[in-house]
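Participant: Pasting a structure below so you can have a look.
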Amino acid sequence: MDFGSILHTIFNFENYGELLALVQNSIWAGAVLGLLGGLVGTFVMKRDLAFAVHGISELSFAGASFALLIGTDIILGSLAGSVAAALLLGLMGVRARDKNSIIGVIMPFGLGLGILFLALYQGRAANKFGLLTGQIVSVDTVQLQVLAGTAVVVMIALAAMWRPLSFASVDPEMAEARGVPVRGLAIAFMVLLGVSVALSIQIVGALLVLALLITPAAAALRVTTSPRLVVLLSVLFAITATVGGILLALGSRIPISPYVTTLSFLIYVVCRIIGNVRAKRGINGRVVRPHAAMGQAVEDQTVAG
C-alpha cells in the first residue's frame with residue numbers, strides 16, 4: 001500500500017453528506033460523552049486518579065466482553081464491570097500507595113478476563129475489535145435517550161457534590177476536620193467515574209478511554225489555574241475531540257479511536273506550548289486582587305524592617 005492509498009483510507013470524504021445524515025444520533029451521543037468526560041475529568045486530575053481510570057476501564061471491558069459472550073446488553077455489562085471496579089477501589093484504596101497497588105492487580109485481571117470472553121465468543125470479529133478500540137455504531141433514538149439520561153443523572157449527582165468534593169479533592173485533611181464526609185464522597189465519585197468510563201468506552205474503546213477522561217482536563221490545566229475556566233476548557237476540548245473524531249472517521253474504514261485520541265493529543269500539545277510560553281513570560285493565569293497584593297507588600301516591609 002502506497003502513501004496515497006494510506007491517506008485515502010484514513011481520510012475519505014466521498015459521499016460524506018449522505019453518511020453524515022445517517023449518524024446524527026452518534027454525533028449527539030459523542031457530544032454528550034464529551035460533556036460528561038470534560039466534567040468528570042477535572043476531578044480525575046484533581047484527585048490524581050488517572051491510573052484508576054485505566055484500571056476501571058479494564059474491568060468495564062471484561063463486563064462488556066462477558067455480556068457479548070452471553071448475548072445480553074453490552075452497555076449493561078460494561079456498567080456492571082466498571083461500577084464493581086470503582087466500588088472496589090473506593091472501598092479498599094484508602095491511601096495512594098494502596099490504591100495504586102490494587103489498580104495494578106485489577107488491570108491485568110480485568111484485561112485477562114476480557115480476552116478470555118472474547119476468545120470464547122464465536123460472533124463477528126468487528127464486535128470484538130470495537131470493544132477495544134471503539135467504533136461508530138448506529139445509535140438509534142432509544143439508545144441515545146438512555147445514554148443522555150444516564151449522563152444527565154451523573155452530571156446532576158456531580159453538581160450536587162461539587163463544592164464539598166472540590167474541597168475534599170484539594171485538602172482532604174482540612175475537609176475532614178470541617179466535617180466533610182471525605183470517604184463517602186470518594187466512594188460516590190468513584191461510582192460516577194465508573195459509569196462515565198462505561199459510557200465512554202462506546203466511543204473510544206476500553207484501551208483508549210483516557211483520551212476522554214484525562215487528556216482534555218490535563219490540557220486545560222496547562223493554560224489556566226482558574227477552576228471555572230478549567231472546567232469550561234476541559235468540556236470544550238473533550239467535545240471537540242469526540243465530535244471531531246466522529247466526523248473525521250465517518251468516511252474511513254478505520255475505528256474512531258485513533259481520530260479522537262489524535263485530536264485530544266494535539267489539543268494537549270498546543271495547550272502545553274501555550275502554557276510554557278505563558279510561564280516564561282511570567283503569566284500563570286492567577287488573578288491577584290489589589291488588597292491582597294497590598295497586604296503582601298506591607299508584610300514584606302514588616303519582615304524587612
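Residues are named by chain letter and number: chains run A, B, ... in the order of the C-alpha cells, numbers start at 1 in each chain, and ligands are numbered from 1 in the order shown.
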If we count only C-alpha atoms and set the cut-off at 9 Å, which residues sit around A:Ile106, ignoring sequence neighbours fewer than 4 positions away in its own chain? Please answer as a VMD selection string.
Facilitator: chain A and resid 55 to 56 58 to 59 85 101 to 102 110 to 111
Participant: I need the chosen residues saved as a CSV table (one decimal), in the first residue's frame, with N, CA and C atoms.
Facilitator:
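Output (selection-v7.csv):
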```csv
chain,number,residue,atom,x,y,z
A,55,GLY,N,-7.6,1.3,35.2
A,55,GLY,CA,-7.9,0.1,35.9
A,55,GLY,C,-9.4,-0.2,35.8
A,56,ILE,N,-10.3,0.9,35.9
A,56,ILE,CA,-11.7,0.7,35.8
A,56,ILE,C,-12.1,0.3,34.4
A,58,GLU,N,-10.5,-1.5,32.4
A,58,GLU,CA,-10.2,-2.9,32.1
A,58,GLU,C,-11.3,-3.9,32.6
A,59,LEU,N,-11.8,-3.6,33.8
A,59,LEU,CA,-13.0,-4.4,34.3
A,59,LEU,C,-14.3,-4.1,33.5
A,85,ALA,N,-15.5,-2.3,39.7
A,85,ALA,CA,-14.1,-1.9,39.9
A,85,ALA,C,-14.1,-0.6,40.7
A,101,SER,N,-1.5,0.0,44.1
A,101,SER,CA,-1.2,-1.5,44.1
A,101,SER,C,-2.5,-2.3,43.7
A,102,ILE,N,-3.6,-1.8,44.2
A,102,ILE,CA,-4.9,-2.5,43.9
A,102,ILE,C,-5.2,-2.4,42.4
A,110,GLY,N,-8.6,-7.8,34.9
A,110,GLY,CA,-9.8,-7.5,34.0
A,110,GLY,C,-9.5,-7.7,32.5
A,111,LEU,N,-8.3,-7.3,32.1
A,111,LEU,CA,-7.9,-7.5,30.7
A,111,LEU,C,-7.8,-9.0,30.3
```
Participant: Please identify all polymer residues within 9 Å of stretch 183-200 of chain A, counting only C-alpha atoms, omitting same-chain residues fewer than 6 positions from it, and present them as a PyMOL selection string.
Facilitator: chain A and resi 30+33-34+36-37+40-41+43-44+53-54+56-57+60-61+64+75-87+89-91+94+147+150-151+154-155+157-158+161+164-165+168-169+176+206+209-210+212-213
Participant: Show me, as a list of chain:residue names, the residues that have an atom within 8 Å of A:Tyr268 when counting only C-alpha atoms, minus same-chain residues fewer than 3 positions from it.
Facilitator: A:Thr215, A:Pro216, A:Ala218, A:Ala219, A:Ala220, A:Ser264, A:Phe265, A:Cys271, A:Arg272
Participant: Could you turn the residues from that selection into a file that holds C-alpha atoms, as a PDB file, in the first residue's frame?
Facilitator:
```pdb
ATOM      1  CA  THR A 215      -6.339  14.430  28.312  1.00  0.00           C
ATOM      2  CA  PRO A 216      -8.891  17.291  27.946  1.00  0.00           C
ATOM      3  CA  ALA A 218      -4.887  17.876  31.591  1.00  0.00           C
ATOM      4  CA  ALA A 219      -4.755  20.218  28.602  1.00  0.00           C
ATOM      5  CA  ALA A 220      -6.992  22.766  30.323  1.00  0.00           C
ATOM      6  CA  SER A 264      -7.120  15.066  22.022  1.00  0.00           C
ATOM      7  CA  PHE A 265      -3.324  14.714  21.944  1.00  0.00           C
ATOM      8  CA  CYS A 271      -2.006  23.831  25.371  1.00  0.00           C
ATOM      9  CA  ARG A 272       1.329  22.683  26.716  1.00  0.00           C
TER      10      ARG A 272
END
```
